[in-house]
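Peer 1: Here it is, the structure in full.
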Amino acid sequence: MTVDSNDKGKELEKKELGISDKSGTNSLKEVLQFKVVYWGPGESGKTTNYFRLREKFDGVKLNRGYSIETTDGRTLWQDSVRLSFYLNLAEIKFNVITQIVTATGQERFLSTREYVLDGADGVVFVADSDPEKMEQNKRSFRELVSFTSEQDVPFVIQLNKRDLEGAISVEEFKKELGLPKFEKYEDGTQVVYPTVAIEGESVRKCFEDLMVLVLFNFFRE
Ligand SMILES: Nc1nc2c(ncn2[C@@H]2O[C@H](COP(=O)(O)OP(=O)(O)OP(=O)(O)O)[C@@H](O)[C@H]2O)c(=O)[nH]1
Ligand SMILES: [Mg+2]
């Protein structure tokens, strides 16, 4: 390479790296950006939800996403991926970028959970259908309510592992958590979303319904 072309190369590099003081034509105002957190007790299926969503929205992924786990498959820090999609609501098409993260359910990492929840625009609470996990479900739910009530963050409740033998009934679960007996709220969202995350059952529906709540909340503010 000659000295000359090397210099030219440097000039080009400088130009490409410079940050223009004019904003681009692609105004950020046209894109709505949100963060959705999967929350719940240890091993209720948050990471499984995350993997199924990543598969279902494979075509709209902005990055590959990551999943940080301990050697025994528990979430150590968080899983995270960003999706870019259109959300259709009342015949209006919204251009949306959503970051999806899962919190760790492990008690000893409570401080990381608060961090993961920071800036959340919506939460999917993933509960476990195992009757023996009811105390953990309740504790985790209380924790979530205390975090979200201050910030008015919308959430939906998912009752996962419906395939388990001896799974708690939806009615009993609602009673334990102090939820209303009816099936749906006036806005059409379900009080509880029964899912089988390992099979991907109802995972997408639950996420989409939350996104609608997130969008409503955004325009209400
Ligand atoms: N039977 C059954 N098992 C499930 C279901 N969803 C997840 N699991 C299993 O439950 C275990 C825990 O799932 P994860 O998705 O890792 O749970 P997590 O909530 O991310 O757990 P932490 O990150 O440790 O808090 C795994 O063995 C999953 O295969 C389900 O719908 N049915
Ligand atoms: Mg996990």
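Naming scheme: A, B, ... for chains in displayed order of the structure tokens; residues 1 onward per chain; ligands 1 onward as shown.
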Compute the set of protein, DNA and RNA residues whose minimum atom distance to ligand 1 is at most 6 Å, using only C-alpha atoms and all ligand atoms, and state it as a ChimeraX atom specification.
Peer 2: /A:41-48,74-75,104-106,160-161,163-164,196-198
Peer 1: Any idea what's packed within 12 Å of Phe147 in chain A, counting only C-alpha atoms, ignoring anything in its chain fewer than 4 positions away? Could you give it as JSON, numbers by chain?
Peer 2: {"A": [39, 113, 114, 115, 116, 117, 118, 119, 120, 122, 123, 140, 141, 142, 143, 151, 152, 153, 154, 155]}
Peer 1: Could you produce a table of the residues of range 133-212 of chain A lying within 10 Å of range 79-96 of chain A, with the nearest pair of atoms per residue and their separation in Å rounded to one decimal, using only C-alpha atoms, ordered by chain and increasing residue number, as a tab-separated table?
Peer 2:
residue	atom	partner	partner_atom	distance
A:Glu208	CA	A:Leu87	CA	8.8
A:Met211	CA	A:Leu87	CA	8.2
A:Val212	CA	A:Leu89	CA	7.6
Peer 1: Mind checking DSSP for range 53-178 of chain A and telling me the alpha helix (DSSP H) residues as a ChimeraX atom specification?
Peer 2: /A:53-56,110-117,134-151,170-177
Peer 1: Kindly save the residues from that selection, with C-alpha atoms included, as a PDB file, in the first residue's frame.
Peer 2:
ATOM      1  CA  LEU A  53     -40.766 -16.324  21.504  1.00  0.00           C
ATOM      2  CA  ARG A  54     -37.369 -16.041  19.893  1.00  0.00           C
ATOM      3  CA  GLU A  55     -38.261 -18.981  17.631  1.00  0.00           C
ATOM      4  CA  LYS A  56     -41.726 -17.645  16.798  1.00  0.00           C
ATOM      5  CA  LEU A 110     -32.756 -10.347  44.143  1.00  0.00           C
ATOM      6  CA  SER A 111     -30.655  -7.272  43.447  1.00  0.00           C
ATOM      7  CA  THR A 112     -30.208  -8.253  39.769  1.00  0.00           C
ATOM      8  CA  ARG A 113     -33.978  -8.716  39.471  1.00  0.00           C
ATOM      9  CA  GLU A 114     -34.607  -5.120  40.464  1.00  0.00           C
ATOM     10  CA  TYR A 115     -32.098  -4.033  37.863  1.00  0.00           C
ATOM     11  CA  VAL A 116     -33.733  -6.146  35.158  1.00  0.00           C
ATOM     12  CA  LEU A 117     -37.115  -4.652  35.997  1.00  0.00           C
ATOM     13  CA  MET A 134     -47.801 -21.751  45.433  1.00  0.00           C
ATOM     14  CA  GLU A 135     -45.843 -20.026  48.210  1.00  0.00           C
ATOM     15  CA  GLN A 136     -43.075 -19.106  45.759  1.00  0.00           C
ATOM     16  CA  ASN A 137     -45.690 -17.900  43.253  1.00  0.00           C
ATOM     17  CA  LYS A 138     -47.288 -15.692  45.863  1.00  0.00           C
ATOM     18  CA  ARG A 139     -44.010 -14.281  47.131  1.00  0.00           C
ATOM     19  CA  SER A 140     -42.789 -13.474  43.633  1.00  0.00           C
ATOM     20  CA  PHE A 141     -46.150 -11.924  42.733  1.00  0.00           C
ATOM     21  CA  ARG A 142     -46.105  -9.701  45.827  1.00  0.00           C
ATOM     22  CA  GLU A 143     -42.593  -8.635  44.934  1.00  0.00           C
ATOM     23  CA  LEU A 144     -43.692  -7.737  41.420  1.00  0.00           C
ATOM     24  CA  VAL A 145     -46.758  -5.818  42.570  1.00  0.00           C
ATOM     25  CA  SER A 146     -44.657  -3.779  44.979  1.00  0.00           C
ATOM     26  CA  PHE A 147     -42.239  -2.903  42.173  1.00  0.00           C
ATOM     27  CA  THR A 148     -44.831  -2.144  39.517  1.00  0.00           C
ATOM     28  CA  SER A 149     -47.443  -0.299  41.577  1.00  0.00           C
ATOM     29  CA  GLU A 150     -45.116   2.656  42.024  1.00  0.00           C
ATOM     30  CA  GLN A 151     -44.561   2.954  38.291  1.00  0.00           C
ATOM     31  CA  VAL A 170     -57.050 -22.043  37.501  1.00  0.00           C
ATOM     32  CA  GLU A 171     -59.830 -21.225  40.006  1.00  0.00           C
ATOM     33  CA  GLU A 172     -57.731 -22.287  42.976  1.00  0.00           C
ATOM     34  CA  PHE A 173     -54.741 -20.364  41.656  1.00  0.00           C
ATOM     35  CA  LYS A 174     -56.811 -17.193  41.301  1.00  0.00           C
ATOM     36  CA  LYS A 175     -58.044 -17.600  44.859  1.00  0.00           C
ATOM     37  CA  GLU A 176     -54.487 -18.025  46.178  1.00  0.00           C
ATOM     38  CA  LEU A 177     -53.313 -14.860  44.436  1.00  0.00           C
TER      39      LEU A 177
END
Peer 1: In Å, how far is it from CA of Arg204 in chain A to CA of Gly188 in chain A?
Peer 2: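 Separating CA of Arg204 in chain A from CA of Gly188 in chain A is a distance of 15.8 Å.
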Peer 1: A:Asn49, A:Thr98, A:Ser169, A:Thr70: which is nearest Asp130 in chain A, counting only C-alpha atoms?
Peer 2: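 That would be A:Ser169, the residue with the smallest distance to Asp130 in chain A.
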Peer 1: Taking the DSSP assignment computed from this structure's backbone, write out as a VMD selection string all residues of range 133-163 of chain A that belong to strand (DSSP E or B).
Peer 2: chain A and resid 155 to 160
Peer 1: Write out the residues from the selection above, keeping C-alpha atoms, as a tab-separated table (two decimals), in the first residue's frame.
Peer 2:
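Dumped everything to selection_7.tsv:
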chain	number	residue	atom	x	y	z
A	155	PHE	CA	-48.69	-6.86	33.37
A	156	VAL	CA	-50.38	-10.12	32.43
A	157	ILE	CA	-50.38	-13.31	34.49
A	158	GLN	CA	-49.38	-16.57	32.93
A	159	LEU	CA	-50.04	-19.90	34.65
A	160	ASN	CA	-47.46	-22.16	33.08
Peer 1: One decimal, Å: what's the distance from CA of Lys184 in chain A over to CA of Tyr38 in chain A, could you say?
Peer 2: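 One can read the CA of Lys184 in chain A to CA of Tyr38 in chain A distance as 21.0 Å.
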Peer 1: I need the residue nearest Arg64 in chain A from this list: A:Phe51, A:Phe219, A:Lys35, A:Gln190. Use only C-alpha atoms for the distance.
Peer 2: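 Among the listed residues, the smallest separation from Arg64 in chain A belongs to A:Phe51.
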